[in-house]
>>> print(open('target_33.cif').read())   # mmCIF, C-alpha atoms
data_start
#
loop_
_atom_site.label_atom_id
_atom_site.label_comp_id
_atom_site.auth_asym_id
_atom_site.auth_seq_id
_atom_site.Cartn_x
_atom_site.Cartn_y
_atom_site.Cartn_z
CA GLU A 1266 45.28 -15.24 41.44
CA THR A 1267 47.86 -17.97 41.90
CA GLY A 1268 51.03 -17.54 39.87
CA VAL A 1269 53.19 -20.16 38.19
CA THR A 1270 54.77 -22.52 40.70
CA GLN A 1271 57.59 -24.96 40.03
CA SER A 1272 58.95 -27.87 42.07
CA PRO A 1273 61.43 -28.70 43.30
CA THR A 1274 63.42 -25.49 43.63
CA HIS A 1275 66.76 -27.28 43.62
CA LEU A 1276 67.82 -30.76 42.52
CA ILE A 1277 71.09 -32.65 42.29
CA LYS A 1278 71.35 -35.68 40.00
CA THR A 1279 74.09 -37.92 38.69
CA ARG A 1280 75.02 -38.26 35.03
CA GLY A 1281 72.88 -40.91 33.32
CA GLN A 1282 69.95 -40.54 35.69
CA GLN A 1283 66.47 -39.31 34.80
CA VAL A 1284 64.69 -36.29 36.26
CA THR A 1285 61.12 -34.96 36.34
CA LEU A 1286 60.38 -31.29 36.97
CA ARG A 1287 56.88 -30.03 37.69
CA CYS A 1288 54.98 -26.85 36.95
CA SER A 1289 51.55 -25.56 37.93
CA SER A 1290 50.30 -22.95 35.51
CA GLN A 1291 48.63 -19.71 36.46
CA SER A 1292 44.89 -19.96 36.95
CA GLY A 1293 43.05 -19.64 33.64
CA HIS A 1294 46.11 -20.38 31.49
CA ASN A 1295 45.95 -23.33 29.09
CA THR A 1296 49.40 -23.04 27.52
CA VAL A 1297 52.67 -24.02 29.18
CA SER A 1298 56.21 -23.71 27.85
CA TRP A 1299 59.58 -24.79 29.21
CA TYR A 1300 62.98 -23.12 28.97
CA GLN A 1301 66.57 -23.99 29.85
CA GLN A 1302 68.69 -21.12 31.19
CA ALA A 1303 72.37 -21.87 31.50
CA LEU A 1304 74.47 -19.65 33.75
CA GLY A 1305 74.99 -16.23 32.18
CA GLN A 1306 72.73 -17.01 29.23
CA GLY A 1307 69.20 -16.19 28.21
CA PRO A 1308 66.44 -18.79 28.43
CA GLN A 1309 66.29 -21.25 25.52
CA PHE A 1310 62.90 -22.55 24.41
CA ILE A 1311 62.51 -26.32 24.90
CA PHE A 1312 58.86 -26.91 23.98
CA GLN A 1313 55.29 -25.74 24.47
CA TYR A 1314 52.08 -27.58 25.33
CA TYR A 1315 48.59 -26.38 24.47
CA ARG A 1316 45.61 -28.34 25.76
CA GLU A 1317 47.75 -31.42 26.44
CA GLU A 1318 49.41 -31.50 23.01
CA GLU A 1319 52.96 -30.45 22.16
CA ASN A 1320 52.64 -27.61 19.62
CA GLY A 1321 56.15 -26.23 19.33
CA ARG A 1322 59.67 -27.44 20.03
CA GLY A 1323 63.13 -25.89 20.14
CA ASN A 1324 66.47 -27.50 19.30
CA PHE A 1325 66.56 -30.05 22.10
CA PRO A 1326 67.08 -33.82 21.70
CA PRO A 1327 64.25 -36.34 22.23
CA ARG A 1328 65.53 -37.20 25.72
CA PHE A 1329 63.81 -33.94 26.72
CA SER A 1330 60.11 -34.76 26.84
CA GLY A 1331 57.04 -33.40 28.51
CA LEU A 1332 53.43 -33.80 29.47
CA GLN A 1333 50.52 -31.50 30.11
CA PHE A 1334 47.64 -32.68 32.27
CA PRO A 1335 43.90 -31.86 32.03
CA ASN A 1336 44.32 -29.22 34.76
CA TYR A 1337 47.04 -27.64 32.52
CA SER A 1338 49.87 -28.43 34.91
CA SER A 1339 52.96 -29.82 33.23
CA GLU A 1340 56.05 -31.99 33.63
CA LEU A 1341 59.44 -31.82 31.99
CA ASN A 1342 61.32 -35.12 31.84
CA VAL A 1343 64.97 -35.42 30.99
CA ASN A 1344 66.48 -38.88 30.43
CA ALA A 1345 70.15 -39.90 30.41
CA LEU A 1346 71.28 -36.70 32.11
CA GLU A 1347 74.49 -35.09 30.92
CA LEU A 1348 76.72 -32.60 32.73
CA ASP A 1349 75.66 -29.87 30.26
CA ASP A 1350 72.05 -30.29 31.39
CA SER A 1351 72.97 -28.38 34.56
CA ALA A 1352 70.91 -25.20 34.35
CA LEU A 1353 67.91 -23.31 35.64
CA TYR A 1354 64.73 -24.74 34.11
CA LEU A 1355 61.91 -22.25 33.75
CA CYS A 1356 58.25 -22.89 33.17
CA ALA A 1357 55.93 -20.24 31.80
CA SER A 1358 52.20 -20.18 31.21
CA SER A 1359 50.01 -18.00 29.03
CA PRO A 1360 46.28 -17.70 28.46
CA ASP A 1361 46.35 -18.96 24.89
CA ALA A 1362 48.60 -20.36 22.20
CA ASP A 1363 48.90 -17.09 20.28
CA ARG A 1364 52.36 -16.67 21.64
CA LYS A 1365 53.26 -13.52 19.77
CA ASN A 1366 50.68 -11.53 21.65
CA SER A 1367 50.38 -13.40 24.93
CA PRO A 1368 52.74 -12.37 27.72
CA LEU A 1369 54.49 -15.26 29.39
CA HIS A 1370 54.13 -15.66 33.16
CA PHE A 1371 57.23 -17.36 34.51
CA GLY A 1372 57.83 -19.42 37.61
CA ASN A 1373 60.97 -18.98 39.68
CA GLY A 1374 62.55 -22.06 38.16
CA THR A 1375 64.18 -25.33 39.22
CA ARG A 1376 67.96 -25.29 39.57
CA LEU A 1377 69.26 -28.67 38.30
CA THR A 1378 72.84 -29.70 38.98
CA VAL A 1379 74.21 -32.81 37.27
CA THR A 1380 77.37 -34.29 38.76
CA GLY B 1000 68.03 -18.36 11.76
CA ASP B 1001 66.43 -15.77 14.00
CA SER B 1002 68.62 -14.23 16.70
CA VAL B 1003 68.78 -11.48 19.32
CA THR B 1004 71.92 -9.58 20.27
CA GLN B 1005 71.99 -7.29 23.28
CA MET B 1006 74.76 -5.29 24.85
CA GLU B 1007 76.92 -7.15 27.31
CA GLY B 1008 76.91 -6.14 30.91
CA PRO B 1009 77.22 -5.47 33.61
CA VAL B 1010 76.05 -1.91 33.21
CA THR B 1011 76.64 0.26 36.28
CA LEU B 1012 74.93 3.63 36.63
CA SER B 1013 74.24 6.12 39.38
CA GLU B 1014 70.69 6.74 40.50
CA GLU B 1015 68.79 9.21 38.25
CA ALA B 1016 71.11 8.54 35.28
CA PHE B 1017 69.75 7.92 31.78
CA LEU B 1018 69.69 4.28 30.71
CA THR B 1019 70.00 2.70 27.28
CA ILE B 1020 70.37 -1.05 26.75
CA ASN B 1021 70.87 -1.87 23.08
CA CYS B 1022 69.10 -4.76 21.39
CA THR B 1023 69.22 -5.76 17.73
CA TYR B 1024 67.60 -8.71 16.06
CA THR B 1025 67.56 -10.77 12.89
CA ALA B 1026 64.36 -12.44 11.78
CA THR B 1027 62.97 -13.90 8.58
CA GLY B 1028 59.36 -13.02 9.39
CA TYR B 1029 57.58 -10.25 11.30
CA PRO B 1030 58.31 -10.93 14.96
CA SER B 1031 56.87 -9.40 18.07
CA LEU B 1032 59.54 -7.91 20.34
CA PHE B 1033 59.74 -7.99 24.13
CA TRP B 1034 61.78 -6.88 27.09
CA TYR B 1035 61.67 -9.14 30.13
CA VAL B 1036 63.23 -8.35 33.52
CA GLN B 1037 64.56 -10.75 36.14
CA TYR B 1038 64.90 -9.29 39.63
CA PRO B 1039 67.20 -11.10 42.09
CA GLY B 1040 65.65 -14.36 43.27
CA GLU B 1041 62.59 -14.02 41.04
CA GLY B 1042 61.34 -15.36 37.74
CA LEU B 1043 61.25 -13.37 34.53
CA GLN B 1044 58.54 -10.75 34.19
CA LEU B 1045 57.32 -9.04 31.05
CA LEU B 1046 58.42 -5.40 31.11
CA LEU B 1047 57.06 -4.22 27.75
CA LYS B 1048 56.32 -5.38 24.23
CA ALA B 1049 55.74 -4.16 20.67
CA THR B 1050 54.04 -6.21 18.01
CA LYS B 1051 54.72 -4.26 14.80
CA ALA B 1052 57.08 -1.71 13.29
CA ASP B 1053 57.07 1.76 14.89
CA ASP B 1054 55.11 0.54 17.93
CA LYS B 1055 56.41 1.88 21.24
CA GLY B 1056 56.14 -0.28 24.33
CA SER B 1057 56.28 1.40 27.71
CA ASN B 1058 55.98 0.42 31.37
CA LYS B 1059 57.36 1.68 34.72
CA GLY B 1060 59.15 4.56 32.98
CA PHE B 1061 60.88 2.23 30.51
CA GLU B 1062 60.34 2.60 26.76
CA ALA B 1063 61.40 0.77 23.60
CA THR B 1064 60.47 1.43 19.97
CA TYR B 1065 60.27 -1.31 17.31
CA ARG B 1066 62.58 -0.05 14.55
CA LYS B 1067 62.31 -2.27 11.48
CA GLU B 1068 64.76 -0.21 9.42
CA THR B 1069 67.54 -0.71 11.95
CA THR B 1070 66.21 -4.04 13.31
CA SER B 1071 66.49 -2.65 16.83
CA PHE B 1072 64.47 -2.49 20.03
CA HIS B 1073 66.62 -0.49 22.45
CA LEU B 1074 65.43 -0.13 26.05
CA GLU B 1075 65.53 3.36 27.59
CA LYS B 1076 64.67 5.02 30.87
CA GLY B 1077 65.16 8.66 31.67
CA SER B 1078 65.99 8.35 35.38
CA VAL B 1079 66.90 4.99 36.88
CA GLN B 1080 66.37 3.96 40.50
CA VAL B 1081 68.20 1.51 42.73
CA SER B 1082 65.15 -0.75 42.48
CA ASP B 1083 65.76 -1.11 38.71
CA SER B 1084 68.83 -3.26 39.43
CA ALA B 1085 68.10 -6.54 37.65
CA VAL B 1086 68.90 -8.57 34.54
CA TYR B 1087 67.12 -7.41 31.38
CA PHE B 1088 66.39 -9.74 28.46
CA CYS B 1089 65.42 -8.69 24.96
CA ALA B 1090 63.38 -11.30 23.08
CA LEU B 1091 61.66 -11.83 19.78
CA TRP B 1092 58.78 -14.10 18.90
CA ASP B 1093 58.37 -15.28 15.33
CA ASP B 1094 57.65 -19.01 15.14
CA LYS B 1095 59.25 -19.47 18.57
CA ILE B 1096 60.58 -17.18 21.26
CA ILE B 1097 64.30 -16.35 21.27
CA PHE B 1098 65.94 -14.50 24.13
CA GLY B 1099 69.13 -12.49 24.18
CA LYS B 1100 71.83 -13.35 26.71
CA GLY B 1101 70.69 -10.69 29.15
CA THR B 1102 72.22 -7.48 30.47
CA ARG B 1103 72.87 -7.10 34.19
CA LEU B 1104 72.14 -3.59 35.45
CA HIS B 1105 73.54 -2.22 38.73
CA ILE B 1106 72.23 1.11 39.99
CA LEU B 1107 74.30 2.80 42.68
CA PRO B 1108 72.60 5.06 45.25
#
>>> encode(input="target_33.cif", output="structure tokens")
Amino acid sequence: ETGVTQSPTHLIKTRGQQVTLRCSSQSGHNTVSWYQQALGQGPQFIFQYYREEENGRGNFPPRFSGLQFPNYSSELNVNALELDDSALYLCASSPDADRKNSPLHFGNGTRLTVT
Amino acid sequence: GDSVTQMEGPVTLSEEAFLTINCTYTATGYPSLFWYVQYPGEGLQLLLKATKADDKGSNKGFEATYRKETTSFHLEKGSVQVSDSAVYFCALWDDKIIFGKGTRLHILP
């Protein structure tokens, strides 16, 4: 089975720009979630999508937005980039929205650097 | 709010040593508890989980027991290997998932 894939692997942007990160979920998984992992920190939950609808969100401002497509792939969009947005962005998929009991399958992440 | 606190690293051990990585949590509800592992250059992988008090999760020789009375979920392994070198994250899931900061483990041959 194909695992979770993310693109691009690395990205450099300038403060104020916008960025789109992409994620293909594991085959058979209909739920996708996104995380921000700053250097030396654990991943922080940004939001989750289930069947194309956002159904959970962490403490991130509205300039962090997302989409899920009918094939369950997903995008994370960040507008008006700030220096503190520099981090590893992780995508994870799971087979259903019952997150307490569904293991997350993570991609290898996109390393975003904002200068 | 909910939180996870795990011991700071790095932790350096010799091969075949006993490992304990401490994890404590605070939660208002009844969370599920997890340990995830991140090997160098790879994404996070689920190592083990426990969904209710007194449950023991185990995998690859690692174990952790959900202790509600001490709000803890310590990770243990009786004999570590060089291949266990990685970053380990404790996490809880109540209404959303919260990860600890991670503990880097170095195993020396």
>>> atom_distance(input="target_33.cif", atom1="atom CA of A:Leu1276", atom2="atom CA of A:Thr1378")
6.2 Å
>>> interface_residues(input="target_33.cif", of="chain A", to="chain B", cutoff="12 Å", atoms="all atoms listed in the file", output="mmCIF file with C-alpha atoms, keeping the file's coordinate frame")
data_model
loop_
_atom_site.group_PDB
_atom_site.id
_atom_site.type_symbol
_atom_site.label_atom_id
_atom_site.label_comp_id
_atom_site.auth_asym_id
_atom_site.auth_seq_id
_atom_site.Cartn_x
_atom_site.Cartn_y
_atom_site.Cartn_z
ATOM 1 C CA GLY A 1268 51.030 -17.540 39.870
ATOM 2 C CA VAL A 1269 53.190 -20.160 38.190
ATOM 3 C CA THR A 1270 54.770 -22.520 40.700
ATOM 4 C CA GLN A 1271 57.590 -24.960 40.030
ATOM 5 C CA THR A 1274 63.420 -25.490 43.630
ATOM 6 C CA SER A 1298 56.210 -23.710 27.850
ATOM 7 C CA TRP A 1299 59.580 -24.790 29.210
ATOM 8 C CA TYR A 1300 62.980 -23.120 28.970
ATOM 9 C CA GLN A 1301 66.570 -23.990 29.850
ATOM 10 C CA GLN A 1302 68.690 -21.120 31.190
ATOM 11 C CA ALA A 1303 72.370 -21.870 31.500
ATOM 12 C CA LEU A 1304 74.470 -19.650 33.750
ATOM 13 C CA GLY A 1305 74.990 -16.230 32.180
ATOM 14 C CA GLN A 1306 72.730 -17.010 29.230
ATOM 15 C CA GLY A 1307 69.200 -16.190 28.210
ATOM 16 C CA PRO A 1308 66.440 -18.790 28.430
ATOM 17 C CA GLN A 1309 66.290 -21.250 25.520
ATOM 18 C CA PHE A 1310 62.900 -22.550 24.410
ATOM 19 C CA ILE A 1311 62.510 -26.320 24.900
ATOM 20 C CA PHE A 1312 58.860 -26.910 23.980
ATOM 21 C CA GLN A 1313 55.290 -25.740 24.470
ATOM 22 C CA ASN A 1320 52.640 -27.610 19.620
ATOM 23 C CA GLY A 1321 56.150 -26.230 19.330
ATOM 24 C CA ARG A 1322 59.670 -27.440 20.030
ATOM 25 C CA GLY A 1323 63.130 -25.890 20.140
ATOM 26 C CA ASN A 1324 66.470 -27.500 19.300
ATOM 27 C CA LEU A 1353 67.910 -23.310 35.640
ATOM 28 C CA TYR A 1354 64.730 -24.740 34.110
ATOM 29 C CA LEU A 1355 61.910 -22.250 33.750
ATOM 30 C CA CYS A 1356 58.250 -22.890 33.170
ATOM 31 C CA ALA A 1357 55.930 -20.240 31.800
ATOM 32 C CA SER A 1358 52.200 -20.180 31.210
ATOM 33 C CA SER A 1359 50.010 -18.000 29.030
ATOM 34 C CA ALA A 1362 48.600 -20.360 22.200
ATOM 35 C CA ASP A 1363 48.900 -17.090 20.280
ATOM 36 C CA ARG A 1364 52.360 -16.670 21.640
ATOM 37 C CA LYS A 1365 53.260 -13.520 19.770
ATOM 38 C CA ASN A 1366 50.680 -11.530 21.650
ATOM 39 C CA SER A 1367 50.380 -13.400 24.930
ATOM 40 C CA PRO A 1368 52.740 -12.370 27.720
ATOM 41 C CA LEU A 1369 54.490 -15.260 29.390
ATOM 42 C CA HIS A 1370 54.130 -15.660 33.160
ATOM 43 C CA PHE A 1371 57.230 -17.360 34.510
ATOM 44 C CA GLY A 1372 57.830 -19.420 37.610
ATOM 45 C CA ASN A 1373 60.970 -18.980 39.680
ATOM 46 C CA GLY A 1374 62.550 -22.060 38.160
ATOM 47 C CA THR A 1375 64.180 -25.330 39.220
ATOM 48 C CA ARG A 1376 67.960 -25.290 39.570
#
>>> resolve_selection(input="target_33.cif", expression="the PyMOL selection byres ((chain B and resi 1076) around 7)", output="PyMOL selection string")
chain B and resi 1017-1019+1060-1062+1075+1077-1079
>>> resolve_selection(input="target_33.cif", expression="the PyMOL selection byres ((chain A and resi 1294) around 8)", output="ChimeraX atom specification")
/A:1290-1293,1295-1297,1337,1358-1361
>>> resolve_selection(input="target_33.cif", expression="the PyMOL selection byres ((chain A and resi 1335) around 10)", output="ChimeraX atom specification")
/A:1295,1316-1317,1333-1334,1336-1339
>>> residues_near_point(input="target_33.cif", point="(63.9, -1.0, 22.0)", cutoff="7 Å", atoms="all atoms listed in the file", output="list in words")
Cys1022, Glu1062, Ala1063, Thr1064, Tyr1065, Ser1071, Phe1072, His1073 and Leu1074 of chain B
>>> atom_distance(input="target_33.cif", atom1="atom CA of A:Cys1288", atom2="atom CA of A:Phe1325")
19.1 Å
>>> atom_distance(input="target_33.cif", atom1="atom CA of B:Thr1025", atom2="atom CA of B:Gln1005")
11.8 Å
>>> residues_around(input="target_33.cif", residues="B:Asp1083", least_positions_apart="5", cutoff="8 Å", atoms="all atoms listed in the file", output="PyMOL selection string")
chain B and resi 1104-1106
>>> write_last_selection(input="target_33.cif", atoms="C-alpha atoms", output="PDB file, in the frame of the given file")
ATOM      1  CA  LEU B1104      72.140  -3.590  35.450  1.00  0.00           C
ATOM      2  CA  HIS B1105      73.540  -2.220  38.730  1.00  0.00           C
ATOM      3  CA  ILE B1106      72.230   1.110  39.990  1.00  0.00           C
TER       4      ILE B1106
END
>>> residues_around(input="target_33.cif", residues="A:Asn1342", least_positions_apart="2", cutoff="8 Å", atoms="all atoms listed in the file", output="PyMOL selection string")
chain A and resi 1283-1286+1328-1331+1340+1344
>>> residues_around(input="target_33.cif", residues="A:Ala1345", least_positions_apart="3", cutoff="7 Å", atoms="all atoms listed in the file", output="list in words")
Arg1280, Gly1281, Gln1282 and Gln1283 of chain A
>>> closest_residue(input="target_33.cif", among="A:Arg1287, A:Ile1277, A:Val1379, A:Tyr1315", to="A:Glu1347", atoms="all atoms listed in the file")
A:Val1379
>>> decode(input="target_33.cif", residues="stretch 1014-1084 of chain B", atoms="C-alpha atoms", output="tab-separated table (two decimals), in the first residue's frame")
chain	number	residue	atom	x	y	z
B	1014	GLU	CA	23.36	-1.20	24.14
B	1015	GLU	CA	21.38	-3.72	26.27
B	1016	ALA	CA	20.70	-1.14	29.00
B	1017	PHE	CA	17.23	-0.68	30.52
B	1018	LEU	CA	15.29	2.30	29.21
B	1019	THR	CA	12.68	4.48	30.87
B	1020	ILE	CA	11.35	7.68	29.31
B	1021	ASN	CA	8.95	9.45	31.65
B	1022	CYS	CA	5.69	10.97	30.44
B	1023	THR	CA	2.98	12.64	32.50
B	1024	TYR	CA	-0.18	14.30	31.32
B	1025	THR	CA	-3.01	16.57	32.37
B	1026	ALA	CA	-6.43	16.16	30.81
B	1027	THR	CA	-9.97	17.16	31.63
B	1028	GLY	CA	-11.54	14.13	29.96
B	1029	TYR	CA	-10.54	10.50	29.38
B	1030	PRO	CA	-7.81	10.63	26.76
B	1031	SER	CA	-6.16	7.88	24.79
B	1032	LEU	CA	-2.38	7.84	25.21
B	1033	PHE	CA	0.28	7.16	22.59
B	1034	TRP	CA	3.99	6.87	22.02
B	1035	TYR	CA	5.24	7.84	18.57
B	1036	VAL	CA	8.82	7.40	17.33
B	1037	GLN	CA	10.68	9.44	14.73
B	1038	TYR	CA	13.73	7.73	13.24
B	1039	PRO	CA	16.33	9.94	11.51
B	1040	GLY	CA	15.04	11.23	8.18
B	1041	GLU	CA	11.62	9.62	8.59
B	1042	GLY	CA	8.13	10.65	9.61
B	1043	LEU	CA	6.55	9.80	12.94
B	1044	GLN	CA	5.37	6.24	13.45
B	1045	LEU	CA	3.00	4.92	16.07
B	1046	LEU	CA	4.95	2.79	18.55
B	1047	LEU	CA	2.16	1.83	20.96
B	1048	LYS	CA	-1.08	3.07	22.47
B	1049	ALA	CA	-3.46	2.61	25.39
B	1050	THR	CA	-7.06	3.75	25.36
B	1051	LYS	CA	-8.14	3.41	29.01
B	1052	ALA	CA	-6.76	3.23	32.53
B	1053	ASP	CA	-4.57	0.20	33.35
B	1054	ASP	CA	-4.21	-0.74	29.67
B	1055	LYS	CA	-0.69	-1.73	28.66
B	1056	GLY	CA	0.52	-0.95	25.16
B	1057	SER	CA	3.44	-2.92	23.78
B	1058	ASN	CA	5.39	-3.19	20.54
B	1059	LYS	CA	8.97	-4.08	19.50
B	1060	GLY	CA	9.92	-4.80	23.12
B	1061	PHE	CA	8.65	-1.41	24.32
B	1062	GLU	CA	5.88	-1.16	26.92
B	1063	ALA	CA	3.86	1.59	28.58
B	1064	THR	CA	1.01	1.35	31.09
B	1065	TYR	CA	-1.80	3.93	31.34
B	1066	ARG	CA	-1.72	5.00	35.01
B	1067	LYS	CA	-4.69	7.23	35.80
B	1068	GLU	CA	-3.79	7.61	39.48
B	1069	THR	CA	-0.39	9.09	38.65
B	1070	THR	CA	-1.44	10.51	35.24
B	1071	SER	CA	1.56	8.83	33.67
B	1072	PHE	CA	2.44	6.75	30.63
B	1073	HIS	CA	6.14	5.97	30.99
B	1074	LEU	CA	7.89	4.16	28.14
B	1075	GLU	CA	10.13	1.21	29.05
B	1076	LYS	CA	12.30	-1.33	27.29
B	1077	GLY	CA	14.35	-4.00	28.98
B	1078	SER	CA	17.30	-4.11	26.57
B	1079	VAL	CA	17.83	-1.33	24.03
B	1080	GLN	CA	19.58	-1.70	20.69
B	1081	VAL	CA	21.52	0.78	18.55
B	1082	SER	CA	18.58	0.72	16.12
B	1083	ASP	CA	16.33	2.22	18.84
B	1084	SER	CA	18.16	5.55	18.49
